[in-house]
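Text of the file run11.txt, holding compact mmCIF, C-alpha atoms and all ligand atoms:
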```txt
# COMPACT_ATOMS: atom_id res chain seq x y z
CA MET Z 13 38.75 15.84 7.10
CA THR Z 14 38.45 14.24 3.66
CA LYS Z 15 35.07 13.53 2.20
CA LYS Z 16 33.86 9.95 2.77
CA ARG Z 17 32.72 7.94 -0.24
CA ILE Z 18 29.85 5.52 0.37
CA ALA Z 19 28.87 2.86 -2.17
CA ILE Z 20 25.59 0.98 -2.67
CA LEU Z 21 24.81 -2.16 -4.67
CA THR Z 22 21.63 -4.17 -5.25
CA GLY Z 23 22.26 -7.93 -5.51
CA GLY Z 24 19.97 -10.89 -6.21
CA GLY Z 25 16.51 -10.48 -7.74
CA ASP Z 26 14.81 -7.10 -7.62
CA ALA Z 27 12.14 -6.24 -5.07
CA PRO Z 28 9.92 -3.14 -4.98
CA GLY Z 29 11.55 -0.75 -2.51
CA LEU Z 30 15.16 -1.05 -3.67
CA ASN Z 31 14.99 2.38 -5.29
CA ALA Z 32 13.36 3.85 -2.20
CA VAL Z 33 16.26 2.53 -0.07
CA ILE Z 34 18.79 3.98 -2.55
CA TYR Z 35 16.93 7.31 -2.55
CA THR Z 36 16.92 7.45 1.24
CA VAL Z 37 20.50 6.28 1.83
CA VAL Z 38 21.75 9.05 -0.49
CA ARG Z 39 19.80 11.79 1.28
CA ALA Z 40 20.37 10.48 4.80
CA CYS Z 41 24.12 10.08 4.24
CA HIS Z 42 24.38 13.59 2.80
CA SER Z 43 22.57 15.02 5.81
CA MET Z 44 24.57 13.06 8.38
CA MET Z 45 28.10 13.12 6.95
CA ASP Z 46 30.41 14.99 4.63
CA CYS Z 47 30.30 12.38 1.90
CA ASP Z 48 29.41 11.45 -1.63
CA VAL Z 49 27.55 8.30 -2.63
CA ILE Z 50 28.11 6.05 -5.62
CA GLY Z 51 26.25 2.97 -6.87
CA TYR Z 52 27.82 -0.14 -8.40
CA LYS Z 53 25.82 -1.60 -11.29
CA PHE Z 54 24.51 -5.17 -11.58
CA GLY Z 55 25.27 -6.06 -7.97
CA TYR Z 56 28.73 -7.46 -7.28
CA ARG Z 57 29.57 -7.58 -10.98
CA GLY Z 58 29.98 -3.80 -10.86
CA LEU Z 59 32.57 -4.14 -8.09
CA TYR Z 60 34.59 -6.48 -10.27
CA THR Z 61 34.25 -4.46 -13.50
CA ASN Z 62 34.49 -1.18 -11.56
CA ASP Z 63 31.25 0.00 -13.17
CA TRP Z 64 29.62 2.66 -11.01
CA MET Z 65 27.63 5.86 -11.16
CA LEU Z 66 27.39 8.88 -8.90
CA LEU Z 67 24.25 8.85 -6.76
CA ASP Z 68 23.15 12.34 -5.83
CA ARG Z 69 19.95 14.36 -5.61
CA HIS Z 70 19.79 14.58 -9.39
CA THR Z 71 20.57 10.98 -10.38
CA THR Z 72 18.18 9.66 -7.73
CA SER Z 73 15.42 12.19 -8.32
CA GLY Z 74 11.96 10.73 -8.92
CA ILE Z 75 12.86 7.11 -8.11
CA LEU Z 76 11.25 6.71 -4.67
CA HIS Z 77 8.06 5.12 -6.00
CA LYS Z 78 9.58 3.00 -8.76
CA GLY Z 79 10.03 -0.78 -8.55
CA GLY Z 80 13.22 -2.42 -9.85
CA SER Z 81 16.61 -0.84 -9.19
CA ILE Z 82 18.30 2.02 -11.01
CA LEU Z 83 21.52 0.11 -10.26
CA TYR Z 84 20.17 -3.03 -11.94
CA ASN Z 85 20.20 -6.53 -10.44
CA SER Z 86 22.09 -9.74 -10.96
CA ASN Z 87 21.67 -12.99 -9.07
CA LYS Z 88 24.64 -14.79 -10.59
CA ASP Z 89 27.70 -12.80 -9.64
CA ASN Z 90 29.37 -14.31 -6.59
CA LEU Z 91 32.86 -12.80 -6.69
CA PHE Z 92 34.18 -15.48 -4.34
CA ASN Z 93 33.31 -18.08 -6.97
CA TYR Z 94 33.09 -16.08 -10.18
CA THR Z 95 32.76 -17.51 -13.67
CA ILE Z 96 35.36 -16.13 -16.07
CA THR Z 97 36.93 -17.25 -19.32
CA GLU Z 98 40.71 -17.79 -19.24
CA ASN Z 99 42.51 -18.81 -22.44
CA GLY Z 100 39.20 -19.87 -23.93
CA VAL Z 101 38.31 -22.03 -20.92
CA THR Z 102 35.45 -21.23 -18.49
CA VAL Z 103 36.66 -21.39 -14.88
CA GLN Z 104 35.40 -20.42 -11.41
CA LYS Z 105 37.70 -18.05 -9.54
CA ASP Z 106 37.80 -15.99 -6.36
CA VAL Z 107 38.08 -12.44 -7.73
CA SER Z 108 37.13 -10.68 -4.49
CA ASP Z 109 40.59 -9.08 -4.14
CA ILE Z 110 40.14 -7.35 -7.51
CA ALA Z 111 36.85 -5.94 -6.22
CA ILE Z 112 38.52 -4.74 -3.01
CA GLU Z 113 41.33 -3.14 -5.02
CA ASN Z 114 38.72 -1.38 -7.20
CA MET Z 115 36.95 -0.07 -4.11
CA LYS Z 116 40.24 1.19 -2.66
CA ARG Z 117 41.13 2.97 -5.90
CA THR Z 118 37.66 4.53 -6.01
CA GLY Z 119 38.05 5.63 -2.38
CA VAL Z 120 35.09 3.66 -1.01
CA TYR Z 121 34.83 3.99 2.78
CA ALA Z 122 31.68 1.91 3.31
CA LEU Z 123 29.57 -0.43 1.18
CA VAL Z 124 25.80 -0.79 1.60
CA VAL Z 125 24.60 -4.11 0.19
CA LEU Z 126 20.91 -4.65 -0.53
CA GLY Z 127 20.09 -8.33 -1.03
CA GLY Z 128 19.08 -11.75 0.22
CA ASP Z 129 21.11 -14.59 1.68
CA GLY Z 130 23.45 -15.12 -1.28
CA THR Z 131 24.21 -11.41 -1.58
CA LEU Z 132 24.59 -10.97 2.18
CA THR Z 133 26.81 -14.03 2.51
CA SER Z 134 29.22 -12.32 0.14
CA ALA Z 135 28.76 -9.12 2.18
CA ARG Z 136 29.87 -11.04 5.26
CA ASP Z 137 32.87 -12.41 3.37
CA PHE Z 138 33.86 -8.90 2.27
CA ALA Z 139 33.47 -7.77 5.90
CA ARG Z 140 35.84 -10.57 6.93
CA LYS Z 141 38.36 -9.12 4.47
CA GLY Z 142 38.15 -5.73 6.16
CA VAL Z 143 35.53 -3.95 4.01
CA ASN Z 144 33.14 -1.69 5.98
CA VAL Z 145 29.86 -3.38 5.02
CA ILE Z 146 26.24 -2.72 6.01
CA GLY Z 147 23.59 -5.19 4.78
CA VAL Z 148 19.94 -4.37 4.06
CA PRO Z 149 17.67 -7.42 3.73
CA LYS Z 150 15.28 -7.60 0.78
CA THR Z 151 12.80 -10.14 -0.53
CA ILE Z 152 9.18 -10.10 -1.64
CA ASP Z 153 8.83 -13.56 -0.05
CA ASN Z 154 8.99 -12.15 3.51
CA ASP Z 155 10.69 -15.30 4.76
CA LEU Z 156 13.61 -13.74 6.64
CA SER Z 157 13.73 -14.80 10.26
CA SER Z 158 16.05 -11.99 11.33
CA THR Z 159 13.67 -9.23 10.33
CA GLU Z 160 9.93 -8.93 10.82
CA ILE Z 161 8.96 -7.66 7.43
CA SER Z 162 11.03 -7.12 4.32
CA PHE Z 163 10.30 -4.43 1.76
CA GLY Z 164 8.62 -5.65 -1.43
CA PHE Z 165 6.28 -8.02 0.37
CA ASP Z 166 3.42 -5.56 0.77
CA THR Z 167 3.66 -4.51 -2.88
CA ALA Z 168 3.58 -8.13 -4.03
CA VAL Z 169 0.58 -8.88 -1.78
CA ASN Z 170 -1.28 -5.88 -3.22
CA ILE Z 171 -0.58 -6.98 -6.80
CA VAL Z 172 -1.69 -10.57 -6.13
CA THR Z 173 -4.79 -9.41 -4.25
CA ASP Z 174 -5.75 -7.17 -7.13
CA ASN Z 175 -5.29 -9.97 -9.66
CA ILE Z 176 -7.25 -12.51 -7.62
CA GLY Z 177 -10.05 -9.95 -7.63
CA LYS Z 178 -9.88 -9.76 -11.43
CA LEU Z 179 -10.01 -13.53 -11.76
CA HIS Z 180 -13.24 -13.65 -9.75
CA THR Z 181 -15.34 -11.93 -12.41
CA THR Z 182 -14.20 -14.08 -15.32
CA ALA Z 183 -14.33 -17.30 -13.26
CA GLU Z 184 -17.88 -16.49 -12.21
CA SER Z 185 -19.01 -15.74 -15.77
CA HIS Z 186 -17.71 -19.05 -17.12
CA HIS Z 187 -18.42 -21.18 -14.05
CA ARG Z 188 -14.76 -22.11 -14.01
CA VAL Z 189 -12.24 -23.10 -11.39
CA LEU Z 190 -9.25 -20.78 -11.72
CA VAL Z 191 -5.93 -21.78 -10.22
CA VAL Z 192 -3.55 -18.84 -9.74
CA GLU Z 193 0.16 -19.46 -9.12
CA VAL Z 194 1.89 -17.06 -6.76
CA MET Z 195 5.59 -16.48 -5.94
CA GLY Z 196 7.18 -17.08 -2.54
CA ARG Z 197 9.47 -20.05 -3.07
CA SER Z 198 9.04 -22.34 -0.03
CA ALA Z 199 7.17 -19.78 2.05
CA GLY Z 200 3.43 -19.25 1.70
CA TRP Z 201 3.26 -15.67 3.02
CA ILE Z 202 2.33 -13.89 -0.22
CA CYS Z 203 -0.28 -16.52 -1.08
CA LEU Z 204 -1.74 -16.55 2.42
CA HIS Z 205 -2.06 -12.78 2.79
CA ALA Z 206 -3.27 -12.15 -0.77
CA GLY Z 207 -5.56 -15.18 -0.61
CA ILE Z 208 -7.24 -13.79 2.49
CA ALA Z 209 -7.37 -10.23 1.16
CA GLY Z 210 -8.54 -11.31 -2.29
CA SER Z 211 -11.16 -13.82 -1.07
CA ALA Z 212 -9.61 -16.94 -2.54
CA ASP Z 213 -11.66 -20.05 -1.78
CA VAL Z 214 -8.66 -22.35 -1.50
CA ILE Z 215 -5.12 -21.40 -0.42
CA LEU Z 216 -2.30 -23.86 -1.03
CA ILE Z 217 1.04 -23.19 0.65
CA PRO Z 218 4.30 -25.18 0.89
CA GLU Z 219 3.92 -25.49 4.65
CA ILE Z 220 0.63 -27.44 4.30
CA PRO Z 221 0.71 -30.20 1.65
CA TYR Z 222 -2.66 -30.42 -0.09
CA SER Z 223 -4.87 -33.21 -1.40
CA LEU Z 224 -6.57 -32.93 -4.79
CA GLN Z 225 -9.73 -34.39 -3.32
CA GLY Z 226 -9.68 -31.64 -0.68
CA ILE Z 227 -9.75 -29.01 -3.45
CA ALA Z 228 -12.52 -30.88 -5.29
CA ASP Z 229 -14.54 -31.06 -2.06
CA LYS Z 230 -14.38 -27.28 -1.72
CA VAL Z 231 -15.47 -26.80 -5.36
CA ASN Z 232 -18.44 -29.10 -4.76
CA GLU Z 233 -19.29 -27.53 -1.42
CA ARG Z 234 -19.49 -24.16 -3.15
CA LYS Z 235 -21.58 -25.58 -5.96
CA ALA Z 236 -24.06 -26.90 -3.39
CA ILE Z 237 -24.71 -23.31 -2.23
CA GLY Z 238 -25.01 -21.97 -5.77
CA LYS Z 239 -21.42 -20.79 -6.24
CA ASN Z 240 -20.40 -22.27 -9.55
CA PHE Z 241 -16.86 -20.96 -9.60
CA THR Z 242 -13.84 -21.33 -7.34
CA ILE Z 243 -10.55 -19.45 -6.99
CA VAL Z 244 -7.56 -21.50 -5.90
CA ALA Z 245 -4.40 -19.55 -4.94
CA VAL Z 246 -1.30 -21.73 -4.93
CA THR Z 247 2.28 -20.90 -3.92
CA GLU Z 248 4.82 -21.90 -6.56
CA GLY Z 249 6.61 -24.13 -4.01
CA ALA Z 250 3.46 -25.95 -2.79
CA ARG Z 251 3.08 -29.67 -3.24
CA CYS Z 252 0.47 -32.37 -3.15
CA LYS Z 253 0.58 -34.77 -0.14
CA GLU Z 254 1.73 -37.56 -2.42
CA GLY Z 255 3.81 -35.46 -4.80
CA ASN Z 256 6.89 -33.30 -5.23
CA VAL Z 257 7.38 -29.60 -5.81
CA SER Z 258 7.27 -28.42 -9.44
CA VAL Z 259 10.62 -27.16 -10.66
CA GLY Z 260 10.39 -24.70 -13.55
CA ARG Z 261 14.05 -24.20 -14.39
CA ARG Z 262 17.59 -24.06 -13.06
CA VAL Z 263 19.53 -20.80 -13.09
CA GLU Z 264 23.16 -21.87 -12.96
CA GLY Z 265 25.42 -19.54 -11.00
CA SER Z 266 22.55 -18.37 -8.77
CA PRO Z 267 22.98 -19.06 -5.00
CA ASP Z 268 19.91 -21.28 -5.18
CA ALA Z 269 19.64 -22.51 -8.77
CA ILE Z 270 16.12 -23.94 -8.46
CA ARG Z 271 13.24 -21.84 -9.77
CA PHE Z 272 9.81 -23.20 -8.94
CA GLY Z 273 7.15 -23.19 -11.63
CA GLY Z 274 4.37 -25.26 -13.14
CA VAL Z 275 2.36 -26.22 -10.08
CA ALA Z 276 -0.80 -24.38 -11.20
CA GLN Z 277 -0.83 -25.94 -14.65
CA LYS Z 278 -0.25 -29.42 -13.25
CA LEU Z 279 -2.88 -28.98 -10.57
CA ALA Z 280 -5.48 -27.59 -13.00
CA HIS Z 281 -4.98 -30.58 -15.26
CA GLN Z 282 -5.29 -33.08 -12.40
CA LEU Z 283 -8.31 -31.35 -10.88
CA GLU Z 284 -10.33 -31.37 -14.08
CA SER Z 285 -10.97 -35.10 -13.77
CA LEU Z 286 -12.37 -34.61 -10.25
CA VAL Z 287 -14.83 -31.74 -10.82
CA GLU Z 288 -17.52 -30.86 -13.35
CA ASN Z 289 -16.22 -27.34 -13.99
CA GLU Z 290 -13.66 -26.42 -16.56
CA VAL Z 291 -10.38 -25.71 -14.73
CA ARG Z 292 -7.92 -23.10 -15.98
CA HIS Z 293 -4.70 -21.75 -14.57
CA CYS Z 294 -2.92 -18.42 -14.47
CA VAL Z 295 0.71 -17.69 -13.50
CA LEU Z 296 1.25 -14.17 -12.20
CA GLY Z 297 5.05 -14.47 -12.42
CA HIS Z 298 7.21 -11.36 -12.41
CA ILE Z 299 4.19 -9.06 -12.49
CA GLN Z 300 4.35 -9.56 -8.72
CA ARG Z 301 7.68 -7.73 -8.55
CA GLY Z 302 6.89 -5.07 -11.15
CA GLY Z 303 5.47 -1.57 -11.31
CA ASP Z 304 5.32 0.95 -8.50
CA THR Z 305 6.21 0.29 -4.88
CA SER Z 306 3.30 0.42 -2.41
CA ALA Z 307 3.08 3.31 0.04
CA TYR Z 308 3.78 0.94 2.93
CA ASP Z 309 6.93 -0.40 1.25
CA ARG Z 310 8.15 3.11 0.43
CA VAL Z 311 7.93 4.05 4.10
CA LEU Z 312 9.52 0.77 5.21
CA SER Z 313 12.37 1.19 2.71
CA ALA Z 314 12.94 4.72 3.92
CA ARG Z 315 13.27 3.40 7.48
CA TYR Z 316 15.80 0.76 6.36
CA GLY Z 317 17.71 3.39 4.37
CA VAL Z 318 17.97 5.87 7.22
CA LYS Z 319 19.03 3.12 9.63
CA ALA Z 320 21.76 2.03 7.20
CA ALA Z 321 23.06 5.61 7.03
CA GLU Z 322 23.05 5.84 10.84
CA MET Z 323 25.03 2.60 11.01
CA ILE Z 324 27.69 4.08 8.72
CA ARG Z 325 27.78 7.31 10.73
CA ASP Z 326 28.20 5.32 13.96
CA GLY Z 327 30.73 2.85 12.49
CA HIS Z 328 28.67 -0.32 13.15
CA PHE Z 329 30.06 -2.32 10.26
CA GLY Z 330 29.72 -6.03 9.45
CA THR Z 331 26.03 -5.77 10.32
CA MET Z 332 22.58 -5.95 8.75
CA VAL Z 333 19.73 -3.59 9.59
CA THR Z 334 16.55 -5.20 10.90
CA LEU Z 335 12.98 -4.43 11.90
CA ARG Z 336 11.82 -6.13 15.09
CA ASP Z 337 8.83 -5.24 17.26
CA ASN Z 338 8.35 -2.40 14.77
CA THR Z 339 11.72 -0.95 15.85
CA MET Z 340 14.75 -0.53 13.62
CA GLY Z 341 17.84 -2.35 14.85
CA TYR Z 342 20.71 -4.44 13.60
CA VAL Z 343 22.38 -7.84 13.85
CA LYS Z 344 25.85 -9.03 12.96
CA LEU Z 345 26.15 -10.43 9.44
CA GLU Z 346 28.07 -13.35 10.95
CA GLU Z 347 24.93 -14.33 12.86
CA VAL Z 348 22.39 -14.05 10.08
CA VAL Z 349 23.85 -15.37 6.87
CA GLY Z 350 25.13 -18.63 5.56
CA SER Z 351 22.47 -20.78 7.17
CA GLY Z 352 22.53 -22.30 3.72
CA ASN Z 353 19.12 -23.91 3.71
CA MET Z 354 17.23 -21.77 1.23
CA GLY Z 355 19.65 -19.86 -0.95
CA GLU Z 356 18.85 -16.29 -1.85
CA THR Z 357 15.87 -15.85 0.39
CA SER Z 358 17.05 -17.36 3.65
CA VAL Z 359 18.64 -14.56 5.65
CA GLY Z 360 18.93 -16.08 9.09
CA GLY Z 361 17.04 -19.20 8.05
CA ALA Z 362 13.69 -19.21 6.35
CA ARG Z 363 10.71 -17.95 8.34
CA THR Z 364 7.84 -19.99 7.02
CA VAL Z 365 4.12 -20.04 7.79
CA ASP Z 366 3.14 -21.90 10.96
CA PRO Z 367 0.38 -24.34 9.91
CA ASN Z 368 -1.19 -23.88 13.35
CA GLY Z 369 -0.49 -20.17 13.58
CA GLU Z 370 -2.87 -17.24 13.70
CA MET Z 371 -2.95 -16.45 9.99
CA VAL Z 372 -3.93 -19.97 9.00
CA ARG Z 373 -6.57 -20.00 11.74
CA VAL Z 374 -7.93 -16.67 10.49
CA ALA Z 375 -8.20 -17.99 6.94
CA LYS Z 376 -9.84 -21.23 8.06
CA ALA Z 377 -12.33 -19.34 10.23
CA MET Z 378 -13.26 -17.32 7.15
CA GLY Z 379 -14.15 -20.55 5.37
CA ILE Z 380 -11.03 -20.74 3.22
CA SER Z 381 -9.84 -24.28 2.56
CA PHE Z 382 -6.20 -25.43 2.64
CA ALA Z 383 -7.27 -28.77 1.13
CA ASP Z 384 -5.40 -30.54 3.92
CA GLU Z 385 -8.14 -32.91 5.09
O1 LIG U 401 12.78 -14.60 -3.97
C1 LIG U 401 12.01 -13.73 -4.72
C2 LIG U 401 11.44 -14.43 -5.92
O2 LIG U 401 10.63 -13.51 -6.62
C3 LIG U 401 10.68 -15.72 -5.61
O3 LIG U 401 9.39 -15.49 -5.10
C4 LIG U 401 10.72 -16.39 -6.95
O4 LIG U 401 10.62 -17.77 -6.84
C5 LIG U 401 12.09 -16.03 -7.45
O5 LIG U 401 12.47 -14.84 -6.80
C6 LIG U 401 12.17 -15.86 -8.94
O6 LIG U 401 13.46 -15.57 -9.30
P1 LIG U 401 13.90 -15.13 -10.76
O7 LIG U 401 13.47 -13.72 -10.95
O8 LIG U 401 15.36 -15.31 -10.78
O9 LIG U 401 13.18 -16.04 -11.70
```
Kindly return the structure encoded in the file as structure tokens.
Amino acid sequence: MTKKRIAILTGGGDAPGLNAVIYTVVRACHSMMDCDVIGYKFGYRGLYTNDWMLLDRHTTSGILHKGGSILYNSNKDNLFNYTITENGVTVQKDVSDIAIENMKRTGVYALVVLGGDGTLTSARDFARKGVNVIGVPKTIDNDLSSTEISFGFDTAVNIVTDNIGKLHTTAESHHRVLVVEVMGRSAGWICLHAGIAGSADVILIPEIPYSLQGIADKVNERKAIGKNFTIVAVTEGARCKEGNVSVGRRVEGSPDAIRFGGVAQKLAHQLESLVENEVRHCVLGHIQRGGDTSAYDRVLSARYGVKAAEMIRDGHFGTMVTLRDNTMGYVKLEEVVGSGNMGETSVGGARTVDPNGEMVRVAKAMGISFADE
């Protein structure tokens, strides 16, 4: 029998745990099959440009704990609608057949795609064209309905929790209100979990529109008991009851071009006229996706990686690995992608926070305000 060649790519934005999945897929595939493993660089762009590297014990040594991806990331390279320059003119073209030809020439038997909705939609489309694809869902936002918890989320929550803790000491010293802006797009999971763990006084999430007066009431309530500072954690996609979300920029060519940003600055400015304290803001930004992967996410990524290898061994292609009821499983890519409502992060539709669910009730019972009254 000839040696199988398995390829991996990491599409969309990075998330802590990508390297741990790569590390595990390489080792699990080697132990389960007579194969070699390669990695395409910059997501799908590498398939088009045929830019790949060998992934073996040496090239993947020491990466398990590291955030980012040794294969690099790109969230703009949809090969079914790819931007190229022809005779000096920029045009969009379906170049997927070139990618398939490249894979054939390189002898790729199966392709493992790590990404969100945009990346996995393309994975489905390659599966429709006969490529043996396995998807692995990733996002720090944890808003994927087809899987219980995605790798990267725990790391992001730890980073945000740690930083909320740091803001407490400086806020207390200056008697300030500090508004900290957290990632998550239209899902409040990171903010909710880190807000609870980091003892935020106010948590603002997209699922529960807030009122400025509600935040001011909490600041004053704290002042009345001698607490002259307040920490407000706000999800980037949150909005005031009367207002709109704050859009930071557009990234053309990305499956969902909108990037949220600016809510904390806007809110801090508006709040200052309602409270006596000085109000400052802080945007954690990409720090939330950086550095080392948490122990929990390393283990979770390893589970996803081994399951992906088992799927290749067993020939279950056109599928995505999942975690449900703490058990690894899989669903068909046809069933989980292309719901089209949230771009990169909406594998199987976005799983958002239930305003009446347990986590919100826990936070409220702890005295945390959502500024919704
Ligand atoms: O979906 C993950 C995420 O980190 C979001 O929380 C955030 O809004 C977005 O990606 C940022 O994307 P980019 O790195 O392209 O600015």
* To do: All residues within 6 Å of ligand LIG 401 (chain U) are required, counting all atoms listed in the file; please report them as a ChimeraX atom specification.
  => /Z:25,151-153,195-197,271-272,357
* **For Z:Ile227: contacts at 12 Å, all atoms listed in the file, fewer than 2 positions along chain excluded, given as a PyMOL selection string** => chain Z and resi 189-191+213-216+221-225+229-234+242-246+252+279-280+282-284+286-287+291+380-385
* Structure fact -> Shortest contact to Z:Arg325, candidates Z:Tyr121, Z:Phe92, Z:Phe165, Z:Phe241, atoms counted all atoms listed in the file, goes to Z:Tyr121
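Here the question is which of Z:Pro149, Z:Gly327, Z:Gly297, Z:Gly317 gets nearest to Z:Ala32 using all atoms listed in the file, and that residue is Z:Gly317.
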* Shortest interatomic distance to Z:Tyr56 - which of Z:Val33, Z:Val318, Z:Ala40, Z:Leu83, counting all atoms listed in the file -> Z:Leu83
Distance cut-off 10 Å, centre (30.4, -12.5, -12.2) in file coordinates, counting all atoms listed in the file: which residues qualify? Return them as a compact mmCIF listing (two decimals) with C-alpha atoms, in the frame of the given file.
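To be explicit, this is the file written out as selection.txt:
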```
# COMPACT_ATOMS: atom_id res chain seq x y z
CA PHE Z 54 24.51 -5.17 -11.58
CA GLY Z 55 25.27 -6.06 -7.97
CA TYR Z 56 28.73 -7.46 -7.28
CA ARG Z 57 29.57 -7.58 -10.98
CA GLY Z 58 29.98 -3.80 -10.86
CA LEU Z 59 32.57 -4.14 -8.09
CA TYR Z 60 34.59 -6.48 -10.27
CA THR Z 61 34.25 -4.46 -13.50
CA SER Z 86 22.09 -9.74 -10.96
CA ASN Z 87 21.67 -12.99 -9.07
CA LYS Z 88 24.64 -14.79 -10.59
CA ASP Z 89 27.70 -12.80 -9.64
CA ASN Z 90 29.37 -14.31 -6.59
CA LEU Z 91 32.86 -12.80 -6.69
CA PHE Z 92 34.18 -15.48 -4.34
CA ASN Z 93 33.31 -18.08 -6.97
CA TYR Z 94 33.09 -16.08 -10.18
CA THR Z 95 32.76 -17.51 -13.67
CA ILE Z 96 35.36 -16.13 -16.07
CA GLN Z 104 35.40 -20.42 -11.41
CA LYS Z 105 37.70 -18.05 -9.54
CA VAL Z 107 38.08 -12.44 -7.73
CA GLY Z 265 25.42 -19.54 -11.00
```
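Between atom CA of Z:Ser258 and atom CA of Z:Ser185 lies a distance of 29.9 Å.
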* For Z:Ile18, which of Z:Ile324, Z:Val194, Z:Leu312, Z:Val103 is the closest residue, counting all atoms listed in the file? -> Z:Ile324
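Of the residues under consideration (Z:His293, Z:His77, Z:Arg136, Z:Arg310), Z:Arg136 shows the shortest atom-to-atom contact distance to Z:Phe329 when counting all atoms listed in the file.
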* Determine the nearest neighbour of Z:Ile161 from the options Z:Thr14, Z:Glu254, Z:Arg336, Z:Ala321, counting only C-alpha atoms. => Z:Arg336
Take every atom of stretch 330-336 of chain Z listed in the file, pad by 3 Å on each side, and give me the axis-aligned box centre and edge lengths in Å, one decimal, as JSON.
```
{"center_x": 20.8, "center_y": -4.9, "center_z": 11.9, "size_x": 23.9, "size_y": 8.5, "size_z": 12.3}
```
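We find atom CA of Z:Asp46 and atom CA of Z:Lys344 to be spaced 25.8 Å apart.
Residues within 12 Å of Z:Arg261, counting all atoms listed in the file and excluding same-chain residues fewer than 3 positions away, are Z:Ser258, Z:Glu264, Z:Ser266, Z:Asp268, Z:Ala269, Z:Ile270, Z:Arg271, Z:Phe272, Z:Gly273, Z:Gly274.
Straight-line separation from atom CA of Z:Val343 to atom CA of Z:Lys150: 14.9 Å.
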* To do: Just the residues within 12 Å of Z:Asn338, please, counting all atoms listed in the file, with nothing from its chain fewer than 5 positions along; format it as a PyMOL selection string.
  => chain Z and resi 159-162+312+315-316
Would you pick out the contacts of Z:Arg363 at 8 Å or less, using all atoms listed in the file, so that residues sharing its chain but fewer than 3 positions from it are not included, and give the list as a PDB file with C-alpha atoms, keeping the file's coordinate frame?
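Output saved as around_16.pdb:
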```
ATOM      1  CA  ASN Z 154       8.990 -12.150   3.510  1.00  0.00           C
ATOM      2  CA  ASP Z 155      10.690 -15.300   4.760  1.00  0.00           C
ATOM      3  CA  LEU Z 156      13.610 -13.740   6.640  1.00  0.00           C
ATOM      4  CA  SER Z 157      13.730 -14.800  10.260  1.00  0.00           C
ATOM      5  CA  ALA Z 199       7.170 -19.780   2.050  1.00  0.00           C
ATOM      6  CA  SER Z 358      17.050 -17.360   3.650  1.00  0.00           C
TER       7      SER Z 358
END
```
* Close residues, Z:Val125 itself excluded, 8 Å, only C-alpha atoms, min 4 positions apart in chain, as a ChimeraX atom specification -> /Z:20-23,131-132,135,145-148
